[in-house]
Amino acid sequence: MKILNCPLNGPRNIAEFSYGGELHRMPDPSKCESREWVEHVFFNENKAGIVTEWWYHNASSYWFLAERNTVTDEIIRTFPASDVFKERVDFSKETGEAQE
Amino acid sequence: MPFGLLKFGLSKTYPAQHQFTPASTELKKHYDVVIIGAGGHGTSIAYYLAKYHGVTNIAVLDKGYLGGGNTARNTAVIRSNYLTEEGVTFYRESVRLFQDMSNEFGFNVMMENRGQLTLAHNDAAIRSFRWRAEVNQHLGVRSELVDRQTIKELVPNLNLSETARFPIIAGLWHADGATARHDAVAWGYARGACKRGVELHQLTEVQDIEVTRGRVTAVNTNRGRVGCGSVVQAVAGASSVVGLKAGIRLPIHSFPLQAMVTQPYKPLLTPHVSSPQLHVYLHQTSRGELVIGGGSDPYPLYNTRSTLDQKEVLAAAVTELFPFLSQARIMRQWAGITDMTPDYSPVMGLSPVENYYLDAGWGTWGFKATPICGKTMAELVATGRVPEIIRPFELERFYRFEQINEAGATAASH
Ligand SMILES: Cc1cc2nc3c(=O)[nH]c(=O)nc-3n(C[C@H](O)[C@H](O)[C@H](O)COP(=O)(O)OP(=O)(O)OC[C@H]3O[C@@H](n4cnc5c(N)ncnc54)[C@H](O)[C@@H]3O)c2cc1C
């Protein structure tokens, strides 16, 4: 059994979690080119090495971040998303050109 | 010793020519075409280039050995019962080429037309099977919805109990479904290509790719620099890693896919049987072993380790379908790295680098595409024109939001 250390629930069987994709910087949807948005949505670094990515604890609906080595299958560390995101991202608020 | 044997031993043609590929030569300074990856795909591109387009100054480079990647690891399922018009048309052509492959090579690839039965355990699956059957029949592919009685006739050992966890209520029967000896496919293509002057260089890893003003000029390998007129990458589970060397990002995540085989049994199962709901599929090889596979691992990884978790999932599912398998011994297990795209369709054709071609994103389904892929990619490299049958799969489709969604027809069906 492989163990993932959840920042909220502590060490749990990795089967309790879902992989949620690479951490990418999100371009501003109202300002960026369509191609840039496509790359943000569909394209990946898919690196062989240490990556930062989203994980989700299914039972408690908790999203967090993990650093993982995609070659050795080692989870290096896990941490709450608030370590990276200092401000709340408000998707409901329209910005830039989209307002016009 | 019987005297007659001596005359064979002393004959000029003894010993027989060594297996499939000539011994490695020195790498030349330049090739018209460099193909990265000597799996079925890379070797078939070389074969069609040499045989049908007269392009023979080709090097096929592999960091390992011929057909040692996913070509050696797949479960050899060949079928064309996909869902989209683009997908069905493409895979149908591939199945047709497979049917003639032994003939084409003069070498037996053990193509077996066993048929494929996909199981429905709920109404939603029946609806999607009806849809697939309609699309398939319209395009000349043999698919039909079948009832429990027909399923019983096709697979007498299947557990059709109504008290099973997920009772089987109908099936999608695909008479064109088949299997072939996967290694033999790569060997046949490599042999045919090398006979026509193509060079196969094993233990030759592409470490770096030189791109100048939007054109690739050379690849750097552990055996030195090789100039090239054009490059094709056909590296299955390393698409992103190799693509990035040419500055190309891809819509791919790489996941391990595990499989296993049981001890041999007497012949008891003719078709390939697949259950998308249980995430398992199996068929019996001509050696009598049951080959069992399922879905990819739950998270991306560049590591072909096996896990007990995944074996438990497969075992639980397969014993539900065939209870006698609870007594089976697992003889071998393995994994390969599969490059999954968001729409479960490949990424083939042109790339942002002018003379650099992509044969990527083959996920869990690319063995069956080996011949059509070689044929069409060779045409593209030789003529510069994208064959119509692969145009829908180009990388640019993502920018137009024209994905070719084969998720339903692919997951756990291969
Ligand atoms: C367990 C499993 C079951 C599967 N079952 C099926 C199935 O039933 N039906 C089906 O259609 N498909 C199936 N697939 C998918 C199928 O195996 C692949 O899509 C297909 O084999 C890809 O062929 P290829 O020639 O592109 O890749 P490969 O055979 O993997 O060849 C790629 C080669 O590239 C080489 N390479 C990588 N990086 C470099 C580098 N930097 N330099 C030089 N060489 C490099 C590798 O060594 C390798 O030999 C399965 C896959 C797995 C893992």
# chains A, B, ... in the order shown; residues from 1 in each chain; ligands from 1

call {"tool": "closest_atom_pairs", "arguments": {"of": "chain B", "to": "ligand 1", "cutoff": "7 Å", "atoms": "only C-alpha atoms and all ligand atoms", "output": "Markdown table"}}
result
| residue | atom | partner | partner_atom_place_in_ligand_line | distance |
| --- | --- | --- | --- | --- |
| B:Ile36 | CA | ligand 1 | 43 (C) | 5.2 |
| B:Gly37 | CA | ligand 1 | 34 (O) | 3.3 |
| B:Ala38 | CA | ligand 1 | 33 (C) | 5.0 |
| B:Gly39 | CA | ligand 1 | 25 (O) | 3.3 |
| B:Gly40 | CA | ligand 1 | 25 (O) | 3.9 |
| B:His41 | CA | ligand 1 | 25 (O) | 3.7 |
| B:Gly42 | CA | ligand 1 | 25 (O) | 5.6 |
| B:Leu61 | CA | ligand 1 | 43 (C) | 5.3 |
| B:Asp62 | CA | ligand 1 | 44 (N) | 3.5 |
| B:Lys63 | CA | ligand 1 | 43 (C) | 4.0 |
| B:Gly64 | CA | ligand 1 | 47 (O) | 4.5 |
| B:Tyr65 | CA | ligand 1 | 49 (O) | 6.1 |
| B:Leu66 | CA | ligand 1 | 49 (O) | 6.1 |
| B:Gly67 | CA | ligand 1 | 29 (O) | 5.2 |
| B:Gly68 | CA | ligand 1 | 49 (O) | 4.9 |
| B:Gly69 | CA | ligand 1 | 30 (O) | 3.5 |
| B:Asn70 | CA | ligand 1 | 30 (O) | 3.6 |
| B:Thr71 | CA | ligand 1 | 29 (O) | 3.6 |
| B:Ala72 | CA | ligand 1 | 29 (O) | 6.5 |
| B:Arg73 | CA | ligand 1 | 53 (C) | 5.2 |
| B:Asn74 | CA | ligand 1 | 4 (C) | 3.3 |
| B:Thr75 | CA | ligand 1 | 8 (O) | 3.9 |
| B:Ala76 | CA | ligand 1 | 8 (O) | 4.2 |
| B:Val77 | CA | ligand 1 | 8 (O) | 3.7 |
| B:Ile78 | CA | ligand 1 | 11 (O) | 5.7 |
| B:Thr204 | CA | ligand 1 | 43 (C) | 5.9 |
| B:Glu205 | CA | ligand 1 | 42 (N) | 3.7 |
| B:Val206 | CA | ligand 1 | 42 (N) | 3.8 |
| B:Gln207 | CA | ligand 1 | 41 (N) | 5.7 |
| B:Ala234 | CA | ligand 1 | 26 (O) | 4.9 |
| B:Val235 | CA | ligand 1 | 34 (O) | 3.6 |
| B:Ala236 | CA | ligand 1 | 27 (O) | 4.1 |
| B:Gly237 | CA | ligand 1 | 30 (O) | 6.1 |
| B:Ala238 | CA | ligand 1 | 38 (N) | 5.3 |
| B:Val242 | CA | ligand 1 | 41 (N) | 5.7 |
| B:Pro256 | CA | ligand 1 | 53 (C) | 6.8 |
| B:Leu257 | CA | ligand 1 | 1 (C) | 4.9 |
| B:Gln258 | CA | ligand 1 | 1 (C) | 4.7 |
| B:Ala259 | CA | ligand 1 | 1 (C) | 4.8 |
| B:Gly293 | CA | ligand 1 | 1 (C) | 6.6 |
| B:Trp334 | CA | ligand 1 | 1 (C) | 6.9 |
| B:Ala335 | CA | ligand 1 | 1 (C) | 5.2 |
| B:Gly336 | CA | ligand 1 | 53 (C) | 3.5 |
| B:Ile337 | CA | ligand 1 | 53 (C) | 5.6 |
| B:Thr338 | CA | ligand 1 | 53 (C) | 5.8 |
| B:Ala360 | CA | ligand 1 | 26 (O) | 7.0 |
| B:Trp362 | CA | ligand 1 | 19 (O) | 4.4 |
| B:Gly363 | CA | ligand 1 | 19 (O) | 5.3 |
| B:Thr364 | CA | ligand 1 | 15 (C) | 3.9 |
| B:Trp365 | CA | ligand 1 | 12 (N) | 3.5 |
| B:Gly366 | CA | ligand 1 | 19 (O) | 3.0 |
| B:Phe367 | CA | ligand 1 | 11 (O) | 3.5 |
| B:Lys368 | CA | ligand 1 | 11 (O) | 3.8 |
| B:Ala369 | CA | ligand 1 | 11 (O) | 6.4 |
| B:Thr370 | CA | ligand 1 | 23 (O) | 6.9 |
| B:His414 | CA | ligand 1 | 7 (C) | 4.7 |

call {"tool": "interface_residues", "arguments": {"of": "chain B", "to": "chain A", "cutoff": "12 Å", "atoms": "only C-alpha atoms", "output": "PyMOL selection string"}}
result
chain B and resi 237-245+247-256+297-310+312-313+337+339-343+361+395-403

call {"tool": "select_by_dssp", "arguments": {"residues": "segment 222-315 of chain B", "states": "helix (DSSP H, G or I)", "output": "number ranges by chain"}}
result
B: 236-245, 308-315

call {"tool": "select_by_dssp", "arguments": {"residues": "segment 248-366 of chain B", "states": "strand (DSSP E or B)", "output": "PyMOL selection string"}}
result
chain B and resi 250+253-264+272-275+280-284+289-296+330-340+347-350+356-360

call {"tool": "decode", "arguments": {"residues": "segment 58-97 of chain A", "atoms": "N, CA and C atoms", "output": "tab-separated table (two decimals), in the first residue's frame"}}
result
chain	number	residue	atom	x	y	z
A	58	ASN	N	-10.54	12.32	-1.79
A	58	ASN	CA	-11.92	12.09	-2.25
A	58	ASN	C	-12.94	12.21	-1.12
A	59	ALA	N	-12.63	11.61	0.02
A	59	ALA	CA	-13.63	11.54	1.09
A	59	ALA	C	-13.90	12.91	1.71
A	60	SER	N	-12.87	13.77	1.77
A	60	SER	CA	-13.09	15.05	2.45
A	60	SER	C	-13.12	16.23	1.48
A	61	SER	N	-13.09	15.96	0.18
A	61	SER	CA	-13.15	17.01	-0.85
A	61	SER	C	-12.08	18.08	-0.63
A	62	TYR	N	-10.89	17.65	-0.32
A	62	TYR	CA	-9.83	18.60	0.00
A	62	TYR	C	-8.75	18.60	-1.09
A	63	TRP	N	-8.53	19.75	-1.70
A	63	TRP	CA	-7.47	19.91	-2.72
A	63	TRP	C	-6.19	20.39	-2.06
A	64	PHE	N	-5.07	19.84	-2.48
A	64	PHE	CA	-3.79	20.30	-1.95
A	64	PHE	C	-2.71	20.07	-3.01
A	65	LEU	N	-1.47	20.42	-2.67
A	65	LEU	CA	-0.37	20.29	-3.64
A	65	LEU	C	0.64	19.25	-3.15
A	66	ALA	N	1.29	18.60	-4.11
A	66	ALA	CA	2.33	17.63	-3.76
A	66	ALA	C	3.52	17.80	-4.69
A	67	GLU	N	4.69	17.54	-4.15
A	67	GLU	CA	5.90	17.44	-4.97
A	67	GLU	C	6.23	15.97	-5.08
A	68	ARG	N	6.38	15.50	-6.33
A	68	ARG	CA	6.52	14.07	-6.53
A	68	ARG	C	7.59	13.84	-7.59
A	69	ASN	N	8.34	12.75	-7.43
A	69	ASN	CA	9.32	12.38	-8.44
A	69	ASN	C	8.67	11.37	-9.39
A	70	THR	N	8.46	11.77	-10.65
A	70	THR	CA	7.71	10.91	-11.58
A	70	THR	C	8.58	9.80	-12.17
A	71	VAL	N	9.85	9.74	-11.74
A	71	VAL	CA	10.68	8.63	-12.20
A	71	VAL	C	10.78	7.56	-11.11
A	72	THR	N	10.98	8.01	-9.87
A	72	THR	CA	11.17	7.05	-8.78
A	72	THR	C	9.87	6.74	-8.04
A	73	ASP	N	8.79	7.47	-8.33
A	73	ASP	CA	7.51	7.28	-7.66
A	73	ASP	C	7.57	7.65	-6.18
A	74	GLU	N	8.45	8.60	-5.83
A	74	GLU	CA	8.53	9.06	-4.44
A	74	GLU	C	7.74	10.35	-4.28
A	75	ILE	N	6.96	10.41	-3.19
A	75	ILE	CA	6.29	11.67	-2.88
A	75	ILE	C	7.21	12.43	-1.95
A	76	ILE	N	7.65	13.59	-2.40
A	76	ILE	CA	8.68	14.30	-1.66
A	76	ILE	C	8.07	15.11	-0.52
A	77	ARG	N	7.02	15.88	-0.85
A	77	ARG	CA	6.30	16.56	0.23
A	77	ARG	C	4.90	16.95	-0.25
A	78	THR	N	4.03	17.18	0.69
A	78	THR	CA	2.69	17.67	0.36
A	78	THR	C	2.45	18.93	1.18
A	79	PHE	N	1.66	19.83	0.64
A	79	PHE	CA	1.43	21.09	1.37
A	79	PHE	C	0.11	21.70	0.94
A	80	PRO	N	-0.48	22.54	1.82
A	80	PRO	CA	-1.75	23.16	1.47
A	80	PRO	C	-1.58	24.16	0.34
A	81	ALA	N	-2.60	24.32	-0.50
A	81	ALA	CA	-2.52	25.23	-1.64
A	81	ALA	C	-2.27	26.67	-1.17
A	82	SER	N	-2.64	26.96	0.06
A	82	SER	CA	-2.47	28.33	0.56
A	82	SER	C	-0.99	28.71	0.68
A	83	ASP	N	-0.09	27.72	0.64
A	83	ASP	CA	1.34	28.05	0.64
A	83	ASP	C	1.73	28.76	-0.66
A	84	VAL	N	0.99	28.50	-1.73
A	84	VAL	CA	1.32	29.07	-3.04
A	84	VAL	C	0.36	30.19	-3.39
A	85	PHE	N	-0.91	29.97	-3.10
A	85	PHE	CA	-1.93	30.96	-3.46
A	85	PHE	C	-2.24	31.82	-2.24
A	86	LYS	N	-1.69	33.03	-2.25
A	86	LYS	CA	-1.86	33.89	-1.09
A	86	LYS	C	-3.20	34.61	-1.11
A	87	GLU	N	-3.71	34.78	-2.34
A	87	GLU	CA	-5.01	35.44	-2.45
A	87	GLU	C	-6.00	34.48	-3.06
A	88	ARG	N	-7.24	34.72	-2.73
A	88	ARG	CA	-8.30	33.91	-3.30
A	88	ARG	C	-8.45	34.25	-4.79
A	89	VAL	N	-8.54	33.23	-5.68
A	89	VAL	CA	-8.77	33.48	-7.10
A	89	VAL	C	-10.27	33.53	-7.31
A	90	ASP	N	-10.74	34.71	-7.74
A	90	ASP	CA	-12.19	34.87	-7.88
A	90	ASP	C	-12.60	34.70	-9.34
A	91	PHE	N	-13.20	33.58	-9.64
A	91	PHE	CA	-13.56	33.28	-11.03
A	91	PHE	C	-14.85	34.00	-11.45
A	92	SER	N	-15.63	34.43	-10.48
A	92	SER	CA	-16.91	35.04	-10.83
A	92	SER	C	-16.72	36.48	-11.31
A	93	LYS	N	-15.61	37.09	-10.91
A	93	LYS	CA	-15.38	38.49	-11.24
A	93	LYS	C	-14.78	38.60	-12.64
A	94	GLU	N	-15.45	39.33	-13.52
A	94	GLU	CA	-14.91	39.50	-14.86
A	94	GLU	C	-13.92	40.65	-14.87
A	95	THR	N	-12.85	40.48	-15.61
A	95	THR	CA	-11.83	41.53	-15.64
A	95	THR	C	-11.52	41.89	-17.09
A	96	GLY	N	-10.79	42.98	-17.25
A	96	GLY	CA	-10.24	43.35	-18.56
A	96	GLY	C	-11.29	43.50	-19.63
A	97	GLU	N	-10.92	43.05	-20.86
A	97	GLU	CA	-11.75	43.25	-22.04
A	97	GLU	C	-13.14	42.63	-21.92
